[in-house]
Structures are given as structure tokens and as C-alpha cells.
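Data block below; observations after.
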Amino acid sequence: MLKARLFDKQSSGFDEVTLEFCENELIIHTQDKSYNYAFDELKVSERLGDMPRSIYLGDERVCECEDNNSIDQELKKRRLSQGSRLIHHLESKSIYILPALVVTIAIVFIFLKYIVPYSAQKIAYSIPQDIASEIGTGTLQALDKVILNPSKLSSEKQEELRKDFTKMASALKDLPPLKLEFRFSSKVGPNAFALPDGTIVMTDQLVVLSQNNEELLSILAHEIGHIKNRHAIRMLFQNSAVLVVIATLTGDATTASSILSALPTMLIESSFSRELEAEADDYAMEVMKDRGIALHYFADIMTRLSEGHEESKDGEYFSSHPITSSRIAKFQE
């Protein structure tokens, strides 16, 4: 006879019972009566250390028993514990810890390095644009409360740049309605970033750093490339997957849920991969060629941004758009 606790499906209360393993059935004895269950009606949880075992009964009730060794013996007699004994053997032997750790790390690496980016790309392109735009709705308002301030540029300068931007973007296809916004931010510095709803934000500092409108249009063409290829959506999915993996490995559910409040700042603080930057660069190059904008304008302002970063510790443009010499060289050619 084994002591156990019997839980019903209606409450968290339990009854103290005893288990009797017979030839073809399990008998559960309570104070008032006994219940008979054929073994093919039962499902016994796998052994995990010395944690209580759960025996799921045919009527949706559950028994918990702490005498794992006795349960193993009873199951072994009836040849019902092959999988359980194997798992318990593996998890109870320290010799398997290192190989298991290596395999786990390899699986996580492959998942994050290859499967997540591929899946994020497929998901991003499968989402209708109106839904993708909804993801970006309210993001700019959230950023305005945290790190962005109203622009200090003159209304004439803003209107001039918006006019040039609209002229460049008018011939582009398969894009959501594009909108150019200007903001001042000492925290962000010279920067521009695109939101999933088609809004592109450019800081006053970037305008001041530029030497002509063509340089700014080249940056805007690059940002349109991010919108065209849905890079922000892909990045959000990838970062969400990373947080889910961390929460799974650490058991901290609050880590995964925190992404909901971090979405706005994630859009400008997270670095795009070289692959995503290359896609946006290629798109910008096509747009610039079609609009008759010399490619060196992009290289010029990117070079100036990289030089300015050496004297600044705050968020320059390349903090979210990694600048490499190969990217600059491509436009110089």
C-alpha cells in the first residue's frame, strides 16, 4: 500500500488515500470507498528527481505520490515504465550534464541564428500592411514622451525637406503612406529611423550635420528601404523570440512580457543586422539612381556620422544603423 493524495477536478482540495497495485488494475482506497482503474486508463508522469509523481486517472482526477521508488517497482513489474526509467536515468547521472549542456547551447544558437531570422522574415511579409501599420500606431507618441522633443527647425526648412521627400517617394510602389516627421533629441543625436506605419523620424541634429538636402534624401531613401523590407517588424519578432527563449531558460515570465512596454525604444536602440542594412542600402541605391541623386552623398554623410561618433558617447545614427567601411565604399564607387 502506498500513501497518496487524491485531487478532484473541481477544487484544489485533496483526500488522503492509499494505492494498491493489483495484477491488472490500480485500486484507490479512501475512507469511504474504493475506486478501481485498469492500467490502460492511467497515465503516470515521468520521474523528475524526487518530485511527487502524478497518476492521471480515467475520470480526470489525479493522484500524487511521493514514493517514487515503489511506483517505479510497480510499473517495472508491469513493463509500463520504459520511457520514464530512461529519462530518470539520464537526468540523475552527472556524466550526462556536459553533453546535454552542449546540445542545449547548440540548439539555442541554431534557433536564434538561423530559424528565428528566417521565421521573422516570413511572418513579416505575410502580415497585411494595415496590420503592420497598426503595430507602429502610437509608437511616435510614446517616443515623444520619453526621448523626443518638438523640432527646433524653422517651418520653412521642414517644408522644404518634406517637399523634396514627397517628390522622391511619389514614384515608389508597394509602400504604406509615407510621412516625414522632425524631432529634436539630445539623447538620440544625429539620427533617423522608420516606424512600421510608414512614418520616418529625422532629428534636427542630423539636418544640422548635413551639408545639403541630397545627403538627407539619401538617408531617407535608406529608411524607406527599411519600411519596404519590413525590417522593424522583423526585428521586433526576432527580439520577441529572444526574450521568449530567455524566459523559457530562466523561468522568468516577466522578461518576456516586458517587451510590450519596450517596443518604442527598441525600434531605435536595437541595431539592425548587416544583412538588413545591406538590403536597405541596396534599395536606397536604386532610388537614388532613379531620382538622379549622386551616390556619394550617402557616403559623405555616413563618413561624417562615423567621424562624429568618435567624439560622442550618445546615440548617433550608427548606434541603430551600424556603419562599416564596406558600406561607405559601396556608395563611393
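For the C-alpha cells, the naming scheme is as follows: chains receive sequential letters (A, B, ...) according to their order of presentation, residues are indexed from 1 within each chain, and ligands are indexed from 1 in presentation order.
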
Residues flagged alpha helix (DSSP H) by DSSP in region 22-226 of chain A, as a ChimeraX atom specification: /A:68-77,82-92,97-110,116-126,129-136,139-146,155-169,204-209,213-226

Test item: residues at most 12 Å from Lys3 (chain A), only C-alpha atoms, excluding those fewer than 5 positions along its chain, as a list in words: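 The residues that qualify are Asp15, Glu16, Val17, Thr18, Leu19, Glu20, Phe21, Ile28, His29, Thr30, Pro52, Arg53, Cys63, Glu64, Cys65, Glu66, Asp67, Asn68, Ser70 and Ile71 of chain A.
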
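Atom pair CA of Met285 (chain A) / CA of Ile328 (chain A): separated by 11.7 Å.
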
Closest of A:Thr166, A:Ile301, A:Val287, A:Ala294 to Leu216 (chain A) - atom-to-atom distances counting only C-alpha atoms: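 Closest to Leu216 (chain A) of all the choices is A:Ile301.
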
Nearest to Ile227 (chain A), chosen from A:Ala329, A:Ala124, A:Leu148, A:Ala100, with only C-alpha atoms counted in the distances: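 Of A:Ala329, A:Ala124, A:Leu148, A:Ala100, the one nearest Ile227 (chain A), counting only C-alpha atoms, is A:Ala124.
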
Selection near Asn213 (chain A), 12 Å with only C-alpha atoms, sequence-local residues under 5 positions removed, as a PyMOL selection string: chain A and resi 157-158+160-165+168+206-208+218-220+293-294+297-298+301

Could you name the residues that touch Leu140 (chain A) at 9 Å or less, counting only C-alpha atoms, but leaving out those on the same chain fewer than 6 positions away, as a short mmCIF file (atom, residue, chain, number, x, y, z; two decimals) with N, CA and C atoms, in the first residue's frame?
data_model
loop_
_atom_site.label_atom_id
_atom_site.label_comp_id
_atom_site.auth_asym_id
_atom_site.auth_seq_id
_atom_site.Cartn_x
_atom_site.Cartn_y
_atom_site.Cartn_z
N LEU A 148 12.07 62.12 -27.28
CA LEU A 148 11.99 63.09 -28.38
C LEU A 148 11.31 64.37 -27.92
N LEU A 195 9.32 53.85 -38.75
CA LEU A 195 8.33 53.10 -37.98
C LEU A 195 7.51 52.24 -38.93
N THR A 199 5.96 56.05 -41.05
CA THR A 199 6.49 57.31 -40.54
C THR A 199 8.01 57.23 -40.43
N VAL A 201 11.19 59.41 -38.89
CA VAL A 201 11.54 60.49 -37.99
C VAL A 201 13.00 60.87 -38.22
N PRO A 264 8.66 50.74 -28.29
CA PRO A 264 9.04 52.02 -28.91
C PRO A 264 10.54 52.26 -28.92
#

Two-atom distance - CA of Gln238 (chain A), CA of Arg274 (chain A) (Å):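 Rounded to one decimal, the two atoms are 14.7 Å apart.
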
Nearest candidate to Lys167 (chain A) (options A:Arg78, A:Leu57, A:Phe39, A:Arg291; using only C-alpha atoms):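 The answer is A:Arg291, which sits nearest to Lys167 (chain A).
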
Length of the CA of Ser185 (chain A) to CA of Asp204 (chain A) vector [Å]: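 Computed distance, CA of Ser185 (chain A) to CA of Asp204 (chain A), equals 7.7 Å.
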
Determine, counting only C-alpha atoms, which protein, DNA and RNA residues have an atom within 10 Å of an atom of Ala194 (chain A); residues of the same chain fewer than 6 positions away are not included. Present the result as a PDB file with C-alpha atoms, in the first residue's frame.
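Result file is out-v4.pdb:
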ATOM      1  CA  GLY A 136       3.511  51.215 -35.304  1.00  0.00           C
ATOM      2  CA  LEU A 178       4.916  57.708 -46.060  1.00  0.00           C
ATOM      3  CA  LYS A 179       5.204  60.598 -43.641  1.00  0.00           C
ATOM      4  CA  LEU A 180       8.273  62.618 -42.614  1.00  0.00           C
ATOM      5  CA  ILE A 200      10.137  58.365 -40.795  1.00  0.00           C
ATOM      6  CA  VAL A 201      11.542  60.489 -37.985  1.00  0.00           C
ATOM      7  CA  MET A 202      14.606  62.661 -38.613  1.00  0.00           C
ATOM      8  CA  LEU A 220      15.588  58.947 -46.195  1.00  0.00           C
ATOM      9  CA  HIS A 222      17.709  54.147 -46.833  1.00  0.00           C
ATOM     10  CA  GLU A 223      14.935  54.429 -44.244  1.00  0.00           C
ATOM     11  CA  ILE A 224      12.301  53.791 -46.902  1.00  0.00           C
ATOM     12  CA  GLY A 225      14.254  50.623 -47.645  1.00  0.00           C
ATOM     13  CA  HIS A 226      13.711  49.527 -44.054  1.00  0.00           C
ATOM     14  CA  ILE A 227       9.974  50.134 -44.464  1.00  0.00           C
ATOM     15  CA  ARG A 230       9.609  45.467 -43.127  1.00  0.00           C
ATOM     16  CA  HIS A 231      12.807  45.425 -41.120  1.00  0.00           C
ATOM     17  CA  ALA A 232      11.249  46.927 -37.991  1.00  0.00           C
ATOM     18  CA  LEU A 267      12.904  50.445 -32.617  1.00  0.00           C
ATOM     19  CA  ILE A 268      15.726  52.976 -32.379  1.00  0.00           C
TER      20      ILE A 268
END

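Proximity ranking of A:Ile123, A:Ile105, A:Leu175, A:Ala169 relative to Leu236 (chain A) places A:Ile123 first, based on only C-alpha atoms.
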
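Using only C-alpha atoms for every distance, the candidate list A:Pro117, A:Gln141, A:Ser45, A:Ser154 yields A:Pro117 as the residue closest to Ser273 (chain A).
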
DSSP strand (DSSP E or B) residues within region 160-253 of chain A, as a ChimeraX atom specification: /A:179-184,192-194,199-203

Pick from A:Pro196, A:Gly189, A:Pro150, A:Pro99, whichever lies nearest to Ile131 (chain A) using only C-alpha atoms: A:Pro196
